[in-house]
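Asks: Dropping in input_10.txt, with compact mmCIF, C-alpha atoms.
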# COMPACT_ATOMS: atom_id res chain seq x y z
CA VAL H 233 145.06 84.34 165.85
CA LEU H 234 144.79 82.12 162.76
CA TYR H 235 147.46 79.70 163.89
CA ARG H 236 146.19 79.41 167.44
CA LEU H 237 142.72 78.58 166.17
CA ARG H 238 144.15 75.94 163.86
CA GLU H 239 146.29 74.51 166.66
CA GLY H 240 143.06 74.25 168.65
CA GLY H 241 141.59 72.01 165.95
CA HIS H 242 139.45 74.61 164.15
CA GLU H 243 139.23 75.92 160.60
CA ALA H 244 140.26 79.56 160.41
CA TYR H 245 140.68 81.99 157.53
CA LEU H 246 141.45 85.66 157.00
CA VAL H 247 138.33 86.96 155.31
CA GLY H 248 136.64 89.95 153.72
CA GLY H 249 138.05 93.37 153.03
CA ALA H 250 141.58 92.54 154.21
CA VAL H 251 141.93 89.79 151.61
CA ARG H 252 140.45 92.05 148.93
CA ASP H 253 142.77 94.94 149.76
CA LEU H 254 145.88 92.75 149.86
CA LEU H 255 145.05 91.32 146.45
CA VAL H 256 144.69 94.77 144.87
CA GLY H 257 147.84 96.07 146.54
CA GLY H 258 146.10 98.12 149.19
CA HIS H 259 146.64 98.44 152.92
CA PRO H 260 143.92 96.77 155.01
CA LYS H 261 142.66 98.82 157.93
CA ASP H 262 141.19 95.81 159.73
CA PHE H 263 141.78 92.08 159.80
CA ASP H 264 138.77 89.82 160.28
CA VAL H 265 138.88 86.09 160.87
CA ALA H 266 136.17 83.53 160.13
CA THR H 267 136.34 80.19 161.91
CA SER H 268 134.52 76.96 162.67
CA ALA H 269 135.09 77.58 166.39
CA THR H 270 132.12 78.77 168.42
CA PRO H 271 132.48 82.04 170.34
CA GLU H 272 132.93 80.11 173.56
CA GLU H 273 135.69 78.01 171.99
CA VAL H 274 137.45 81.15 170.74
CA LYS H 275 137.26 82.74 174.17
CA ALA H 276 138.77 79.63 175.73
CA LEU H 277 141.82 80.00 173.46
CA PHE H 278 142.42 83.72 174.04
CA ARG H 279 142.54 85.32 177.46
CA ASN H 280 142.42 88.72 175.73
CA CYS H 281 139.07 87.92 174.05
CA ARG H 282 135.77 89.71 174.68
CA LEU H 283 132.41 88.51 173.39
CA ILE H 284 129.96 91.07 171.94
CA GLY H 285 126.53 90.90 170.32
CA ARG H 286 123.20 89.35 171.22
CA ARG H 287 121.72 87.33 168.36
CA PHE H 288 125.09 86.37 166.89
CA ARG H 289 128.08 86.68 169.20
CA LEU H 290 131.35 88.03 167.84
CA CYS H 291 134.78 87.71 169.42
CA HIS H 292 137.08 90.68 169.76
CA VAL H 293 140.67 89.66 170.46
CA HIS H 294 142.45 92.66 171.98
CA PHE H 295 146.13 93.45 171.53
CA PRO H 296 148.38 96.21 172.95
CA GLY H 297 147.94 99.58 171.28
CA GLY H 298 144.21 99.14 170.90
CA LYS H 299 144.37 96.73 167.96
CA ILE H 300 141.36 94.41 167.77
CA ILE H 301 141.02 91.31 165.60
CA GLU H 302 137.36 90.38 165.07
CA VAL H 303 136.72 86.64 164.98
CA ALA H 304 133.34 85.32 163.81
CA THR H 305 132.00 81.79 163.56
CA PHE H 306 130.93 80.75 160.05
CA ARG H 307 127.31 81.85 159.60
CA ARG H 308 124.45 80.82 157.37
CA ASP H 309 121.62 82.86 155.86
CA LEU H 310 118.52 82.99 158.05
CA SER H 311 115.00 82.59 156.75
CA ALA H 312 112.63 85.56 157.01
CA GLU H 313 110.93 83.87 159.98
CA GLU H 314 114.27 83.33 161.72
CA GLN H 315 115.33 86.94 161.12
CA ALA H 316 112.10 88.16 162.72
CA ALA H 317 112.56 86.00 165.82
CA PRO H 318 113.60 87.83 169.02
CA PRO H 319 117.23 87.41 170.12
CA GLY H 320 117.69 84.22 172.09
CA LYS H 321 114.79 82.38 170.46
CA ILE H 322 117.00 80.62 167.91
CA PRO H 323 119.53 78.14 169.36
CA PRO H 324 123.02 79.56 168.65
CA GLU H 325 124.17 76.42 166.87
CA LEU H 326 121.45 76.93 164.23
CA LEU H 327 123.03 80.27 163.28
CA TYR H 328 126.30 78.63 162.31
CA GLY H 329 127.20 77.24 158.89
CA THR H 330 130.01 76.16 156.61
CA PRO H 331 132.60 78.39 154.93
CA ARG H 332 130.48 78.24 151.76
CA ASP H 333 127.35 79.26 153.71
CA ASP H 334 129.33 82.11 155.22
CA ALA H 335 130.54 83.31 151.82
CA PHE H 336 127.10 83.47 150.22
CA ARG H 337 125.58 85.48 153.05
CA ARG H 338 128.07 88.32 152.44
CA ASP H 339 127.10 91.41 150.45
CA VAL H 340 129.52 91.55 147.52
CA ALA H 341 131.67 88.90 145.88
CA ILE H 342 134.97 90.74 146.31
CA ASN H 343 134.43 90.58 150.09
CA ALA H 344 133.71 86.84 150.07
CA LEU H 345 137.32 85.71 149.70
CA TYR H 346 139.00 83.50 152.30
CA TYR H 347 142.76 83.26 152.82
CA ASN H 348 144.22 80.05 154.22
CA ALA H 349 147.46 81.08 155.94
CA ARG H 350 148.66 77.48 156.21
CA THR H 351 148.45 76.72 152.47
CA GLU H 352 148.74 80.35 151.28
CA GLU H 353 145.63 79.77 149.18
CA VAL H 354 142.74 82.13 148.44
CA ILE H 355 139.41 80.30 148.53
CA ASP H 356 136.73 81.82 146.29
CA TYR H 357 133.14 80.55 146.50
CA ALA H 358 131.30 83.46 144.87
CA GLY H 359 133.45 84.61 141.93
CA GLY H 360 135.25 87.37 143.78
CA LEU H 361 138.61 86.75 142.09
CA GLU H 362 137.04 87.23 138.66
CA ASP H 363 135.38 90.43 139.86
CA LEU H 364 138.73 91.75 141.11
CA ALA H 365 140.32 90.95 137.75
CA ARG H 366 137.47 92.73 135.95
CA LYS H 367 137.50 95.62 138.45
CA ARG H 368 133.82 95.42 139.24
CA VAL H 369 131.58 95.28 142.31
CA ARG H 370 128.80 92.71 142.15
CA ILE H 371 126.17 91.88 144.74
CA ILE H 372 126.02 88.18 145.62
CA GLY H 373 122.75 86.65 144.48
CA ASP H 374 119.78 88.48 142.98
CA PRO H 375 120.36 92.24 143.45
CA ALA H 376 116.63 93.01 143.72
CA ALA H 377 116.11 90.44 146.46
CA ARG H 378 119.28 91.41 148.34
CA PHE H 379 118.52 95.17 148.23
CA ALA H 380 114.88 94.63 149.21
CA GLU H 381 116.10 92.56 152.15
CA ASP H 382 118.62 95.21 153.27
CA ALA H 383 118.90 98.53 151.44
CA VAL H 384 122.13 99.44 153.27
CA ARG H 385 123.82 97.08 150.82
CA ILE H 386 123.31 99.78 148.17
CA TRP H 387 125.47 102.19 150.14
CA ARG H 388 128.16 99.52 150.53
CA VAL H 389 128.22 98.69 146.81
CA VAL H 390 128.66 102.35 145.91
CA ARG H 391 131.31 102.81 148.61
CA TYR H 392 133.42 99.87 147.44
CA ALA H 393 133.18 100.99 143.81
CA ALA H 394 134.20 104.55 144.66
CA ARG H 395 136.98 103.52 147.02
CA LEU H 396 138.54 101.01 144.63
CA GLY H 397 137.80 102.82 141.37
CA PHE H 398 135.77 99.82 140.18
CA ASP H 399 132.66 99.68 138.01
CA ILE H 400 129.37 98.37 139.38
CA GLU H 401 128.23 95.19 137.64
CA GLU H 402 125.35 95.89 135.24
CA GLU H 403 122.54 93.98 136.96
CA THR H 404 123.60 95.33 140.35
CA ALA H 405 123.71 98.89 138.94
CA ARG H 406 120.21 98.63 137.41
CA ALA H 407 118.70 97.66 140.75
CA ILE H 408 120.23 100.54 142.72
CA PRO H 409 117.90 103.40 141.61
CA VAL H 410 114.89 101.12 141.95
CA PHE H 411 115.59 100.27 145.58
CA ALA H 412 117.50 103.38 146.72
CA PRO H 413 114.33 104.94 148.26
CA LEU H 414 114.35 102.10 150.79
CA LEU H 415 117.40 103.68 152.40
CA GLY H 416 115.03 106.23 153.88
CA LYS H 417 113.40 103.46 155.88
CA CYS H 418 116.65 102.14 157.37
CA SER H 419 117.41 102.92 160.99
CA GLY H 420 119.39 106.06 161.69
CA ALA H 421 121.86 104.07 163.77
CA ARG H 422 122.78 101.81 160.84
CA LEU H 423 123.14 104.72 158.42
CA TYR H 424 125.25 106.58 160.97
CA GLU H 425 127.49 103.53 161.26
CA GLU H 426 127.98 103.45 157.47
CA LEU H 427 128.69 107.19 157.42
CA ASN H 428 131.36 106.73 160.09
CA LYS H 429 133.07 104.16 157.86
CA GLU H 430 133.18 106.76 155.11
CA LEU H 431 134.63 109.41 157.41
CA ILE H 432 137.29 107.04 158.73
CA GLU H 433 138.37 106.22 155.19
CA LYS H 434 138.43 109.92 154.22
CA THR H 435 140.60 110.92 157.18
CA ARG H 436 142.92 107.89 157.23
CA PRO H 437 145.48 109.24 154.70
CA VAL H 438 145.79 112.45 156.76
CA VAL H 439 146.23 110.51 160.00
CA ASP H 440 148.78 108.20 158.38
CA ALA H 441 150.70 111.20 157.04
CA LEU H 442 150.82 112.79 160.50
Starting from the file, lay out its structure as structure tokens.
Replies:
Amino acid sequence: VLYRLREGGHEAYLVGGAVRDLLVGGHPKDFDVATSATPEEVKALFRNCRLIGRRFRLCHVHFPGGKIIEVATFRRDLSAEEQAAPPGKIPPELLYGTPRDDAFRRDVAINALYYNARTEEVIDYAGGLEDLARKRVRIIGDPAARFAEDAVRIWRVVRYAARLGFDIEEETARAIPVFAPLLGKCSGARLYEELNKELIEKTRPVVDAL
């Protein structure tokens, strides 16, 4: 997927949890790709591609055996007014950004690492490599602002720390009990999605053993 995107004239990087897990010696469960190609350009390169999503379209490239590689165009942070706009009201091209934009809209620094398969280089915009070396989980940006914007990030911070055996960075940790009550206002569907991620991780060693 990475090489075909590059051959098509686009930037493309392995990104997120797969890069993190490879760097700490783990076994990634999913491989996500971030690219400068628009969803339509990705679909034109892969006959086995399906587009999903309304506000921001994602590309799922399907392979035999049910394996799916998710490909997303580099995104930028939206303003509060843009986030409140109904789907379709913002021109798609205004949702896109640079690799740096894409990195700083992610939740934690250890998930904002980009691997360039051509140069075998890890690109780090947000200090994720230092956090991996220090074995800590740190929210990108101001924790209070990021948790107030989306309290589900609290669950993710705790999950990554527990899964990796990392500490939670001090400022991030102080903000968690302050904003944790906001989780009660999150939609049930989003919390259910996060719970499913936990259950998949809990059962994966058993499935792998079988």
Asks: What gap, in Å, lies between CA of Leu364 (chain H) and CA of Ile342 (chain H)?
Replies: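 Calculated distance between CA of Leu364 (chain H) and CA of Ile342 (chain H) is 6.5 Å.
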Asks: Using only C-alpha atoms for the distances, tell me which of H:Arg406, H:Arg308, H:Arg385, H:Arg366 is nearest to Val256 (chain H).
Replies: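 The answer is H:Arg366, which sits nearest to Val256 (chain H).
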Asks: In Å, with one decimal, what is the gap from CA of Arg236 (chain H) to CA of Phe263 (chain H)?
Replies: 15.4 Å
Asks: How many Å separate CA of Tyr392 (chain H) from CA of Val369 (chain H)?
Replies: 7.1 Å
Asks: So, with all atoms listed in the file as the atoms that count, which of H:Arg395, H:Arg422, H:Pro375, H:Asn428 lies closest to Ala407 (chain H)?
Replies: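 Checking each of H:Arg395, H:Arg422, H:Pro375, H:Asn428 against Ala407 (chain H), counting all atoms listed in the file, the winner is H:Pro375.
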Asks: From (140.5, 84.2, 151.5), in the file's coordinates, out to 6 Å: which residues are reached, counting all atoms listed in the file? Answer as a ChimeraX atom specification.
Replies: /H:246-247,251,345-347,354-355
Asks: Could you check the closest approach to Val389 (chain H) for each of H:Val340, H:Ala349, H:Leu414, H:Cys281 and tell me which residue wins, using all atoms listed in the file?
Replies: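 Once distances to Val389 (chain H) are computed over all atoms listed in the file, the minimum belongs to H:Val340.
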Asks: Would you give the centre and edge lengths, in Å to one decimal, of a box along x, y and z around the listed atoms of region 347-365 of chain H, with 5 Å added to each side, as JSON?
Replies:
{"center_x": 140.0, "center_y": 84.2, "center_z": 147.0, "size_x": 27.4, "size_y": 25.0, "size_z": 28.5}
Asks: Taking the point (135.2, 101.0, 136.1) as given in the file, collect each protein or nucleic acid residue that comes within 9 Å of it, counting only C-alpha atoms, and present the set as a ChimeraX atom specification.
Replies: /H:366-368,393,397-400
Asks: Which is closer to Trp387 (chain H) than all the others in H:Glu402, H:Asp339, H:Glu239, H:Glu273, using only C-alpha atoms?
Replies: H:Asp339
Asks: Do you know which residues are at most 12 Å from Gly241 (chain H) counting all atoms listed in the file, after dropping those on the same chain fewer than 3 positions away, and could you put them as a ChimeraX atom specification?
Replies: /H:234-238,244,267-270,273-274,277
